[in-house]
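For reference, query-v3.txt (compact mmCIF, C-alpha atoms and all ligand atoms):
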# COMPACT_ATOMS: atom_id res chain seq x y z
CA MET A 1 0.00 0.00 0.00
CA LYS A 2 1.30 3.52 -0.74
CA ILE A 3 0.34 7.07 0.21
CA ILE A 4 -0.47 8.81 -3.07
CA ASP A 5 -1.93 12.05 -1.80
CA ALA A 6 -2.72 14.04 1.34
CA LYS A 7 -4.53 17.29 1.95
CA VAL A 8 -5.36 19.70 4.74
CA ILE A 9 -8.97 20.81 5.11
CA VAL A 10 -9.50 24.01 7.11
CA CYS A 11 -13.01 25.08 8.07
CA SER A 12 -14.76 27.27 10.58
CA PRO A 13 -18.30 26.07 11.47
CA GLY A 14 -18.50 28.29 14.55
CA ARG A 15 -14.80 27.76 15.34
CA ASN A 16 -11.71 26.76 13.32
CA PHE A 17 -10.84 23.12 12.69
CA VAL A 18 -7.92 21.67 10.74
CA THR A 19 -8.22 18.14 9.33
CA LEU A 20 -5.58 16.05 7.56
CA LYS A 21 -6.73 13.48 4.99
CA ILE A 22 -4.24 10.82 3.79
CA ILE A 23 -5.16 8.89 0.64
CA THR A 24 -3.67 5.52 -0.41
CA ASP A 25 -3.33 3.74 -3.77
CA GLU A 26 -5.79 1.09 -2.56
CA GLY A 27 -8.69 3.50 -2.27
CA LEU A 28 -8.50 3.68 1.54
CA TYR A 29 -8.05 7.04 3.27
CA GLY A 30 -7.69 8.14 6.85
CA VAL A 31 -8.36 11.41 8.63
CA GLY A 32 -6.72 13.06 11.63
CA ASP A 33 -7.46 16.19 13.66
CA ALA A 34 -4.73 18.85 13.36
CA THR A 35 -6.43 21.69 15.22
CA LEU A 36 -4.31 23.90 17.49
CA ASN A 37 -6.60 26.56 18.90
CA GLY A 38 -5.46 30.05 17.95
CA ARG A 39 -2.45 28.85 15.92
CA GLU A 40 -4.23 26.75 13.28
CA LYS A 41 -2.44 28.12 10.21
CA ALA A 42 0.99 27.29 11.67
CA VAL A 43 0.03 23.60 11.69
CA VAL A 44 -1.44 23.90 8.17
CA SER A 45 1.90 25.19 6.89
CA TYR A 46 3.87 22.57 8.84
CA LEU A 47 1.79 19.86 7.20
CA GLU A 48 1.56 21.30 3.67
CA ASP A 49 5.07 22.70 3.32
CA TYR A 50 7.02 19.95 5.07
CA VAL A 51 5.19 16.80 6.19
CA ILE A 52 2.93 15.96 3.24
CA PRO A 53 5.76 16.02 0.65
CA MET A 54 7.66 13.54 2.88
CA LEU A 55 4.65 11.19 3.11
CA ILE A 56 3.99 10.68 -0.60
CA GLY A 57 5.12 7.21 -1.72
CA ARG A 58 5.50 5.82 1.84
CA ASP A 59 3.75 2.69 3.10
CA PRO A 60 0.94 3.94 5.43
CA GLN A 61 1.05 0.66 7.36
CA ARG A 62 4.43 1.66 8.80
CA ILE A 63 2.88 3.88 11.47
CA GLU A 64 5.72 3.69 13.98
CA ASP A 65 8.44 4.22 11.37
CA ILE A 66 6.64 7.28 9.98
CA TRP A 67 6.14 8.60 13.54
CA GLN A 68 9.86 8.25 14.27
CA TYR A 69 10.74 9.73 10.87
CA LEU A 70 8.66 12.85 11.57
CA TYR A 71 9.81 13.10 15.21
CA ARG A 72 13.53 12.29 15.05
CA GLY A 73 13.91 13.47 11.47
CA VAL A 74 12.93 17.07 12.17
CA TYR A 75 15.87 17.85 14.49
CA TRP A 76 13.75 20.57 16.16
CA ARG A 77 11.80 18.05 18.21
CA ARG A 78 8.63 18.51 20.29
CA GLY A 79 6.49 21.63 20.58
CA PRO A 80 2.72 22.02 20.01
CA ILE A 81 2.86 22.79 16.28
CA GLY A 82 5.08 19.94 15.16
CA MET A 83 3.51 17.42 17.50
CA THR A 84 -0.03 18.38 16.44
CA ALA A 85 1.03 17.77 12.84
CA ILE A 86 2.54 14.39 13.78
CA ALA A 87 -0.65 13.60 15.73
CA ALA A 88 -2.81 14.20 12.67
CA VAL A 89 -0.63 11.91 10.54
CA ASP A 90 -0.60 9.22 13.24
CA THR A 91 -4.37 9.35 13.71
CA ALA A 92 -5.00 9.14 9.97
CA LEU A 93 -2.62 6.17 9.63
CA TRP A 94 -4.29 4.28 12.49
CA ASP A 95 -7.63 5.02 10.79
CA ILE A 96 -6.30 3.51 7.54
CA LYS A 97 -4.84 0.46 9.30
CA ALA A 98 -8.11 -0.30 11.07
CA LYS A 99 -10.06 0.16 7.82
CA ALA A 100 -7.61 -2.18 6.04
CA ALA A 101 -8.17 -4.71 8.85
CA ASN A 102 -11.91 -4.13 8.51
CA MET A 103 -12.35 -3.48 12.23
CA PRO A 104 -13.06 -0.65 14.66
CA LEU A 105 -9.82 0.97 15.85
CA TYR A 106 -10.20 -0.13 19.48
CA GLN A 107 -9.83 -3.76 18.36
CA LEU A 108 -6.37 -2.97 16.99
CA LEU A 109 -5.46 -1.28 20.28
CA GLY A 110 -6.07 -4.50 22.23
CA GLY A 111 -9.86 -4.72 22.28
CA ARG A 112 -12.15 -3.14 24.81
CA SER A 113 -11.23 -3.07 28.52
CA ARG A 114 -14.66 -1.69 29.57
CA ASP A 115 -18.25 -1.63 28.42
CA LYS A 116 -18.59 2.15 28.40
CA ILE A 117 -16.52 5.30 28.81
CA MET A 118 -17.38 7.76 31.58
CA VAL A 119 -17.25 11.37 30.38
CA TYR A 120 -17.53 14.70 32.12
CA THR A 121 -19.33 17.69 30.71
CA HIS A 122 -19.02 21.41 31.40
CA ALA A 123 -21.38 23.48 33.57
CA ASN A 124 -20.71 27.17 33.85
CA GLY A 125 -22.56 30.33 34.76
CA LEU A 126 -21.92 34.02 35.25
CA ASP A 127 -22.81 33.73 38.93
CA LEU A 128 -23.51 31.11 41.59
CA GLY A 129 -27.20 30.75 40.76
CA SER A 130 -26.75 30.27 37.03
CA THR A 131 -23.84 27.89 37.62
CA LEU A 132 -25.93 25.73 39.96
CA GLU A 133 -28.68 25.72 37.33
CA GLN A 134 -26.25 24.42 34.69
CA VAL A 135 -24.94 21.73 37.06
CA GLY A 136 -28.54 20.61 37.59
CA LYS A 137 -29.12 20.47 33.83
CA ALA A 138 -26.01 18.32 33.31
CA ILE A 139 -27.18 15.91 36.00
CA ASP A 140 -30.64 15.78 34.41
CA GLN A 141 -28.93 14.85 31.11
CA GLY A 142 -27.45 11.84 32.87
CA TYR A 143 -23.85 12.96 33.32
CA LYS A 144 -22.10 11.31 36.27
CA ALA A 145 -19.30 13.89 36.24
CA VAL A 146 -19.54 17.65 35.80
CA ARG A 147 -16.84 20.30 35.50
CA VAL A 148 -17.92 23.40 37.38
CA GLN A 149 -16.67 26.87 36.39
CA SER A 150 -18.27 30.10 37.56
CA GLY A 151 -17.98 33.83 37.17
CA ILE A 152 -16.22 35.30 40.23
CA PRO A 153 -17.93 38.07 42.21
CA GLY A 154 -16.13 41.34 41.49
CA VAL A 155 -14.26 39.99 38.44
CA ALA A 156 -15.59 40.84 34.98
CA GLY A 157 -15.47 37.70 32.86
CA THR A 158 -13.24 34.72 33.53
CA TYR A 159 -12.01 31.47 32.02
CA GLY A 160 -14.58 28.84 31.28
CA VAL A 161 -17.64 31.07 31.52
CA SER A 162 -19.50 32.17 28.38
CA LYS A 163 -20.03 35.91 28.22
CA ASN A 164 -23.43 35.45 26.62
CA ASN A 165 -25.95 32.64 26.52
CA LYS A 166 -24.03 30.88 23.76
CA LYS A 167 -21.71 27.91 24.22
CA TYR A 168 -18.34 28.90 25.69
CA GLU A 169 -15.76 29.40 22.92
CA PRO A 170 -12.60 31.12 24.20
CA ALA A 171 -11.07 31.83 20.78
CA ASP A 172 -13.63 34.57 20.31
CA SER A 173 -11.92 37.33 18.36
CA ASP A 174 -9.46 38.02 15.52
CA LEU A 175 -6.76 39.21 17.96
CA PRO A 176 -6.75 38.39 21.67
CA THR A 177 -9.35 39.99 23.92
CA GLU A 178 -8.15 40.79 27.44
CA ASP A 179 -9.60 39.17 30.56
CA THR A 180 -9.00 40.44 34.09
CA TRP A 181 -8.16 38.11 36.95
CA SER A 182 -8.06 38.36 40.74
CA THR A 183 -6.52 35.40 42.55
CA GLU A 184 -7.70 36.76 45.89
CA LYS A 185 -11.34 37.02 44.81
CA TYR A 186 -11.14 33.59 43.17
CA LEU A 187 -9.64 31.86 46.21
CA ASN A 188 -12.25 33.43 48.49
CA TYR A 189 -15.08 32.30 46.22
CA ALA A 190 -14.18 28.84 44.89
CA PRO A 191 -14.71 26.94 48.19
CA LYS A 192 -18.09 28.63 48.64
CA LEU A 193 -19.06 27.60 45.11
CA PHE A 194 -18.32 23.94 45.75
CA ALA A 195 -19.94 24.01 49.18
CA GLU A 196 -23.14 25.14 47.48
CA VAL A 197 -22.87 22.55 44.71
CA ARG A 198 -22.43 19.73 47.22
CA LYS A 199 -25.27 21.13 49.38
CA GLN A 200 -27.63 21.22 46.41
CA PHE A 201 -26.59 18.05 44.54
CA GLY A 202 -25.11 15.77 47.19
CA ASP A 203 -21.99 13.64 47.29
CA ASP A 204 -22.40 11.18 44.44
CA ILE A 205 -21.90 13.42 41.43
CA HIS A 206 -18.22 13.67 40.40
CA LEU A 207 -17.15 17.32 40.45
CA LEU A 208 -14.17 18.62 38.51
CA HIS A 209 -12.67 22.10 38.34
CA ASP A 210 -10.13 23.72 36.04
CA VAL A 211 -7.86 26.28 37.69
CA HIS A 212 -6.35 26.87 34.24
CA HIS A 213 -2.73 27.51 35.28
CA ARG A 214 -3.53 30.61 37.35
CA LEU A 215 -2.18 30.03 40.83
CA THR A 216 1.20 29.85 42.53
CA PRO A 217 2.03 26.56 44.29
CA ILE A 218 1.17 27.81 47.78
CA GLU A 219 -2.13 29.30 46.49
CA ALA A 220 -2.92 25.96 44.82
CA ALA A 221 -2.10 24.19 48.08
CA ARG A 222 -4.55 26.47 49.88
CA LEU A 223 -7.26 25.87 47.28
CA GLY A 224 -6.75 22.09 47.28
CA LYS A 225 -6.94 22.01 51.06
CA GLU A 226 -10.09 24.17 51.20
CA LEU A 227 -11.78 22.00 48.56
CA GLU A 228 -11.10 18.74 50.42
CA PRO A 229 -14.52 18.72 52.19
CA TYR A 230 -16.13 18.67 48.70
CA HIS A 231 -13.96 15.73 47.50
CA LEU A 232 -13.43 16.82 43.88
CA PHE A 233 -12.71 14.23 41.22
CA TRP A 234 -9.83 16.53 40.26
CA MET A 235 -8.41 20.04 40.43
CA GLU A 236 -6.96 20.72 36.99
CA ASP A 237 -3.88 22.71 35.98
CA PRO A 238 -3.46 24.39 39.39
CA VAL A 239 -0.18 26.02 38.33
CA PRO A 240 1.69 26.35 35.01
CA ALA A 241 3.56 23.07 34.50
CA GLU A 242 6.96 24.33 33.41
CA ASN A 243 8.31 24.02 36.97
CA GLN A 244 7.15 20.49 37.83
CA GLU A 245 9.06 20.49 41.11
CA SER A 246 6.48 22.97 42.43
CA PHE A 247 3.80 20.26 42.38
CA LYS A 248 5.61 18.68 45.37
CA LEU A 249 4.52 21.63 47.50
CA ILE A 250 0.89 21.25 46.42
CA ARG A 251 1.02 17.50 46.99
CA HIS A 252 2.43 18.03 50.48
CA HIS A 253 -0.60 20.07 51.55
CA THR A 254 -3.64 18.47 49.99
CA THR A 255 -5.32 15.21 49.04
CA THR A 256 -7.42 16.86 46.32
CA PRO A 257 -6.55 14.87 43.16
CA ILE A 258 -4.62 16.77 40.47
CA ALA A 259 -4.94 16.58 36.67
CA VAL A 260 -2.38 18.13 34.30
CA GLY A 261 -1.26 17.76 30.72
CA GLU A 262 -3.63 19.10 28.08
CA VAL A 263 -0.92 21.52 26.92
CA PHE A 264 1.75 18.78 26.89
CA ASN A 265 2.83 17.44 23.52
CA SER A 266 5.42 14.84 24.43
CA ILE A 267 5.93 11.98 26.90
CA HIS A 268 8.98 13.91 28.11
CA ASP A 269 6.68 16.74 29.29
CA CYS A 270 4.82 14.19 31.46
CA ARG A 271 7.70 12.16 32.86
CA GLU A 272 8.62 14.05 36.06
CA LEU A 273 5.02 14.59 37.18
CA ILE A 274 4.12 10.93 36.57
CA GLN A 275 7.20 9.18 37.96
CA ASN A 276 7.14 11.32 41.11
CA GLN A 277 3.39 10.69 41.45
CA LEU A 278 2.73 14.42 41.62
CA ILE A 279 -0.50 14.05 39.63
CA ASP A 280 -3.39 11.60 39.55
CA TYR A 281 -4.60 12.08 35.95
CA ILE A 282 -2.66 12.83 32.77
CA ARG A 283 -4.66 15.03 30.39
CA THR A 284 -2.72 14.51 27.16
CA THR A 285 -4.87 13.61 24.19
CA VAL A 286 -4.66 12.42 20.62
CA VAL A 287 -4.48 15.74 18.74
CA HIS A 288 -1.77 17.54 20.73
CA ALA A 289 0.35 14.69 22.13
CA GLY A 290 1.61 13.13 18.91
CA GLY A 291 -1.37 10.92 18.20
CA ILE A 292 -2.45 7.49 19.38
CA SER A 293 1.05 6.03 19.17
CA GLN A 294 2.50 8.41 21.74
CA LEU A 295 -0.67 8.54 23.84
CA LYS A 296 -0.36 4.76 24.30
CA ARG A 297 3.25 5.20 25.49
CA ILE A 298 2.23 7.92 27.95
CA ALA A 299 -0.66 5.86 29.34
CA ASP A 300 1.48 2.75 29.79
CA PHE A 301 4.16 4.78 31.58
CA ALA A 302 1.49 6.44 33.75
CA SER A 303 0.07 3.04 34.72
CA LEU A 304 3.37 2.21 36.52
CA PHE A 305 2.72 5.12 38.94
CA HIS A 306 -1.03 4.85 39.65
CA VAL A 307 -1.75 7.72 37.25
CA LYS A 308 -4.91 7.40 35.15
CA THR A 309 -5.85 8.97 31.82
CA GLY A 310 -8.13 12.00 31.62
CA CYS A 311 -8.00 13.02 27.98
CA HIS A 312 -8.68 16.64 27.09
CA GLY A 313 -11.88 17.00 25.05
CA ALA A 314 -12.77 20.67 24.60
CA THR A 315 -14.67 21.90 21.54
CA ASP A 316 -11.41 23.07 19.96
CA LEU A 317 -10.56 19.39 19.50
CA SER A 318 -12.62 18.16 16.57
CA PRO A 319 -15.06 15.22 16.54
CA ILE A 320 -12.28 13.30 14.76
CA CYS A 321 -10.03 13.70 17.81
CA MET A 322 -12.94 12.75 20.09
CA ALA A 323 -13.61 9.63 18.01
CA ALA A 324 -9.98 8.51 18.14
CA ALA A 325 -9.75 9.31 21.85
CA LEU A 326 -12.84 7.23 22.60
CA HIS A 327 -11.32 4.19 20.84
CA PHE A 328 -8.21 4.73 22.97
CA ASP A 329 -10.36 5.17 26.12
CA TYR A 330 -12.29 1.97 25.35
CA SER A 331 -9.09 -0.06 25.39
CA VAL A 332 -6.54 1.58 27.69
CA ALA A 333 -6.14 -0.24 31.03
CA ASN A 334 -5.67 2.80 33.28
CA PHE A 335 -8.60 4.83 31.98
CA GLY A 336 -9.74 7.63 34.28
CA ILE A 337 -12.28 9.85 32.53
CA GLN A 338 -12.86 11.56 29.17
CA GLU A 339 -13.73 15.22 28.79
CA HIS A 340 -16.69 15.94 26.52
CA MET A 341 -17.45 19.57 25.87
CA ALA A 342 -20.26 19.15 23.36
CA HIS A 343 -19.71 20.58 19.87
CA SER A 344 -22.49 22.79 18.48
CA GLU A 345 -24.86 21.43 15.83
CA LYS A 346 -23.11 23.62 13.26
CA MET A 347 -19.72 22.09 14.15
CA GLU A 348 -21.18 18.59 14.16
CA SER A 349 -22.72 19.21 10.70
CA VAL A 350 -19.29 19.18 9.07
CA PHE A 351 -18.26 15.84 10.55
CA THR A 352 -19.70 12.34 10.70
CA ARG A 353 -18.89 10.11 13.63
CA ASP A 354 -20.03 6.82 15.13
CA TYR A 355 -19.63 7.52 18.86
CA ARG A 356 -22.75 7.54 20.98
CA TYR A 357 -23.74 9.16 24.27
CA VAL A 358 -25.93 7.23 26.70
CA ASP A 359 -26.62 8.36 30.26
CA GLY A 360 -23.23 9.82 31.18
CA TYR A 361 -21.14 7.43 29.12
CA PHE A 362 -19.87 7.16 25.55
CA THR A 363 -19.08 4.18 23.35
CA PRO A 364 -16.90 4.69 20.25
CA GLY A 365 -19.16 2.75 17.87
CA GLU A 366 -18.43 -0.28 15.70
CA ALA A 367 -17.67 1.49 12.42
CA ILE A 368 -14.35 0.44 10.90
CA GLY A 369 -11.46 2.79 11.57
CA HIS A 370 -12.08 5.46 14.19
CA GLY A 371 -15.52 6.01 12.68
CA ALA A 372 -15.20 9.76 12.08
CA ASP A 373 -14.89 11.71 8.86
CA ILE A 374 -15.22 15.20 7.44
CA ASP A 375 -17.66 16.23 4.71
CA GLU A 376 -15.49 18.43 2.48
CA SER A 377 -18.43 19.91 0.59
CA ILE A 378 -19.99 21.16 3.83
CA ALA A 379 -16.60 22.24 5.22
CA LYS A 380 -16.18 24.52 2.20
CA LYS A 381 -19.18 26.55 3.37
CA TYR A 382 -17.25 27.69 6.45
CA PRO A 383 -13.99 29.39 5.43
CA TYR A 384 -11.20 29.94 7.95
CA LYS A 385 -11.33 33.10 10.01
CA ARG A 386 -8.46 33.90 12.33
CA ALA A 387 -9.49 33.64 15.99
CA CYS A 388 -7.13 33.96 18.95
CA LEU A 389 -7.44 32.90 22.56
CA PRO A 390 -7.70 35.72 25.11
CA VAL A 391 -4.85 37.01 27.22
CA ASN A 392 -5.26 37.59 30.93
CA ARG A 393 -4.15 40.44 33.14
CA LEU A 394 -4.24 40.92 36.91
CA GLU A 395 -6.20 43.86 38.22
CA ASP A 396 -2.99 45.96 38.29
CA GLY A 397 -2.41 45.23 34.61
CA THR A 398 0.26 42.53 35.04
CA LEU A 399 0.13 40.03 32.18
CA TRP A 400 -0.90 36.73 33.74
CA ASN A 401 -1.62 33.13 32.71
CA TRP A 402 -4.80 32.73 30.71
C1 LIG B 501 -9.74 23.71 28.98
C2 LIG B 501 -9.77 23.97 27.51
O1 LIG B 501 -11.22 21.93 28.54
C3 LIG B 501 -10.31 22.33 29.28
O2 LIG B 501 -9.83 21.70 30.23
O3 LIG B 501 -8.49 23.87 29.56
O4 LIG B 501 -11.04 24.41 27.21
C4 LIG B 501 -8.77 24.99 27.00
O5 LIG B 501 -9.05 26.24 27.60
C5 LIG B 501 -8.91 25.08 25.50
O6 LIG B 501 -8.72 23.80 24.96
C6 LIG B 501 -7.89 26.05 24.93
O7 LIG B 501 -7.99 26.07 23.53
MG MG B 502 -8.13 22.49 31.07
What is this structure when it is put down as structure tokens?
Amino acid sequence: MKIIDAKVIVCSPGRNFVTLKIITDEGLYGVGDATLNGREKAVVSYLEDYVIPMLIGRDPQRIEDIWQYLYRGVYWRRGPIGMTAIAAVDTALWDIKAKAANMPLYQLLGGRSRDKIMVYTHANGLDLGSTLEQVGKAIDQGYKAVRVQSGIPGVAGTYGVSKNNKKYEPADSDLPTEDTWSTEKYLNYAPKLFAEVRKQFGDDIHLLHDVHHRLTPIEAARLGKELEPYHLFWMEDPVPAENQESFKLIRHHTTTPIAVGEVFNSIHDCRELIQNQLIDYIRTTVVHAGGISQLKRIADFASLFHVKTGCHGATDLSPICMAAALHFDYSVANFGIQEHMAHSEKMESVFTRDYRYVDGYFTPGEAIGHGADIDESIAKKYPYKRACLPVNRLEDGTLWNW
């Protein structure tokens, strides 16, 4: 079998998506998500100007060799742009291999290790009341796990909370908008928020929260400690993860489980946190961590240290990434949870997929391959439009972590 063509499809059905399609001489093709929120065109160029010319003529069955060729062969290893490009190639090649084997992808990954995949959804509101209302709606929809994000009293607009009644989409303007942040107001409010959620909805619903890289280690230690009575499923990205040593301080002070890794793109980014058991869930996922091939390596390494998977699944990861992730989730031994921030109908209209939601769980479907695809004729209706993620400043104007 040979790769005879490959193309990048960029579309914007409510937000930008980048999809790689690899076509073989035997009529099979595979697709992979190549979306990097706010930097989409960099990945498009990486694929079109460098990767695709190197793929033509290669045997698509040699997934590992092509992965190593694109990783070791670039010299400038790692980084979100290159690894997202490699991820898209890897995902498309696994799709082709499963189609050639005439089976759903999870069968190639070792078969299923569970009957269904627990997902968590997002609930957010501008204030406590509207947030509680959204948590109630998620529970009514059958979700067993809900991520709770709320507007903070005295802070205009914050991460994870839609500014209008539409779905939350952070990449909301051509150039970055500017959010304001107050750690003090956040730390005073967050424990009250979760106290209210537990009071209203009880102990059985899994609650998750995304700090989104905004605290210092001692602040994160305080938050983790103050959230202990509400036994969160996880506290996510408490601090930026460049200094991984700093997680030791958080760990020393709190038993609130920690999840990190959605911005990681290599197993080397994860190593210190996993081997020192400084986290409980690794958030790397198919589209940004080099595809299924590397995600399998990360999960196997994590399993040695009691760390479970918790794949990222925001709307800026396309249904193709979700489909591939769900096949991975179905099979991986140390599965933890899968994020599912529902795509809008407009976004869904461009893609087909075989995964199904039932009562708080997903199954990947039995279609051959990963079961997802893009409809190029519909994609054409939604041309690319630059959209950047916001930046974040403290109340004194200091540029802070978004
Ligand atoms: C968030 C993401 O879902 C999450 O955990 O961290 O929504 C993140 O903000 C976006 O993926 C950034 O593009
Ligand atoms: Mg996150």
Notebook entry, point to check: How would you write, as a PyMOL selection string, the set of residues no farther than 9 Å from ligand LIG 501 (chain B) when counting all atoms listed in the file?
Noted result: chain A and resi 36-38+122+147+159-160+168-171+209-213+236-237+262-263+283+312-317+339-341+389+402
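With distances taken over all atoms listed in the file, A:Ser318 is the one residue among A:Ser318, A:Asn164, A:Pro390, A:Asn401 lying closest to Val10 in chain A.
Distance check against ligand MG 502 (chain B) using all atoms listed in the file: of A:Cys388, A:Cys311, A:Leu394, A:Ile374, the minimum falls on A:Cys311.
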Checklist line | Counting only C-alpha atoms, the residue of A:Ala88, A:Lys167, A:Gln338, A:Leu175 that sits nearest Ala123 in chain A | finding: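 Ranked by minimum distance to Ala123 in chain A, first place goes to A:Lys167.
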Next item on the list: Compare A:Arg62, A:Arg15, A:Arg214, A:Arg112 by their minimum atom-to-atom distance to ligand MG 502 (chain B), counting only C-alpha atoms and all ligand atoms, and give me the closest one.
Entry: A:Arg214
Margin query: Give me the residues near Cys270 in chain A as a VMD selection string, where near means some atom within 9 Å (using all atoms listed in the file) and where sequence neighbours in that chain fewer than 3 positions away do not count.
Written below: chain A and resid 260 to 261 264 to 267 273 to 275 282 284 298 302
Check: Between A:Ile86, A:Ile4, A:Ala241, A:Leu399, which is the closest to Pro53 in chain A once you count all atoms listed in the file?
Finding: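 Closest to Pro53 in chain A, using all atoms listed in the file: A:Ile4.
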Next item on the list: Give me the residues within 12 Å of Ser246 in chain A as a list in words, counting all atoms listed in the file and dropping any in the same chain fewer than 2 places off.
Entry: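 The neighbour list is Leu215, Thr216, Pro217, Ile218, Glu219, Ala220, Ala221, Pro238, Val239, Pro240, Ala241, Glu242, Asn243, Gln244, Lys248, Leu249, Ile250, Arg251, His252, His253, Glu272, Leu273, Asn276, Leu278 and Ile279 of chain A.
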Checklist line | Surrounding residues of Arg58 in chain A excluding itself and chain neighbours under 2 positions, 10 Å, only C-alpha atoms, as a PyMOL selection string | finding: chain A and resi 1-4+24+54-56+60-62+66
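What separates CA of Gly365 in chain A from CA of Ser12 in chain A is a distance of 26.0 Å.
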Next item on the list: Figure out the distance between CA of Phe335 in chain A and CA of Asn102 in chain A, please, to one decimal in Å.
Entry: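 Value for the CA of Asn102 in chain A-CA of Phe335 in chain A distance: 25.3 Å.
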Using the atoms already present, construct N, CA and C atoms for range 231-247 of chain A and hand them back as a short mmCIF file (atom, residue, chain, number, x, y, z; two decimals), keeping the file's coordinate frame.
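Result saved to out08.cif:
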data_model
loop_
_atom_site.label_atom_id
_atom_site.label_comp_id
_atom_site.auth_asym_id
_atom_site.auth_seq_id
_atom_site.Cartn_x
_atom_site.Cartn_y
_atom_site.Cartn_z
N HIS A 231 -14.57 16.89 48.17
CA HIS A 231 -13.96 15.73 47.50
C HIS A 231 -14.14 15.79 45.97
N LEU A 232 -13.38 16.70 45.34
CA LEU A 232 -13.43 16.82 43.88
C LEU A 232 -12.83 15.58 43.22
N PHE A 233 -13.32 15.30 42.04
CA PHE A 233 -12.71 14.23 41.22
C PHE A 233 -11.31 14.67 40.83
N TRP A 234 -11.17 15.98 40.48
CA TRP A 234 -9.83 16.53 40.26
C TRP A 234 -9.87 18.06 40.25
N MET A 235 -8.70 18.60 40.57
CA MET A 235 -8.41 20.04 40.43
C MET A 235 -7.40 20.11 39.29
N GLU A 236 -7.75 20.79 38.23
CA GLU A 236 -6.96 20.72 36.99
C GLU A 236 -6.05 21.92 36.81
N ASP A 237 -4.83 21.64 36.30
CA ASP A 237 -3.88 22.71 35.98
C ASP A 237 -3.83 23.77 37.09
N PRO A 238 -3.50 23.39 38.32
CA PRO A 238 -3.46 24.39 39.39
C PRO A 238 -2.41 25.48 39.18
N VAL A 239 -1.26 25.06 38.62
CA VAL A 239 -0.18 26.02 38.33
C VAL A 239 0.36 25.71 36.93
N PRO A 240 1.04 26.67 36.29
CA PRO A 240 1.69 26.35 35.01
C PRO A 240 2.68 25.21 35.23
N ALA A 241 2.82 24.31 34.23
CA ALA A 241 3.56 23.07 34.50
C ALA A 241 4.99 23.11 33.97
N GLU A 242 5.53 24.31 33.80
CA GLU A 242 6.96 24.33 33.41
C GLU A 242 7.83 23.89 34.59
N ASN A 243 7.53 24.41 35.79
CA ASN A 243 8.31 24.02 36.97
C ASN A 243 7.58 22.87 37.67
N GLN A 244 7.92 21.64 37.34
CA GLN A 244 7.15 20.49 37.83
C GLN A 244 7.51 20.19 39.28
N GLU A 245 8.65 20.63 39.70
CA GLU A 245 9.06 20.49 41.11
C GLU A 245 8.02 21.12 42.03
N SER A 246 7.38 22.21 41.54
CA SER A 246 6.48 22.97 42.43
C SER A 246 5.24 22.16 42.79
N PHE A 247 4.96 21.08 42.04
CA PHE A 247 3.80 20.26 42.38
C PHE A 247 4.03 19.51 43.69
#
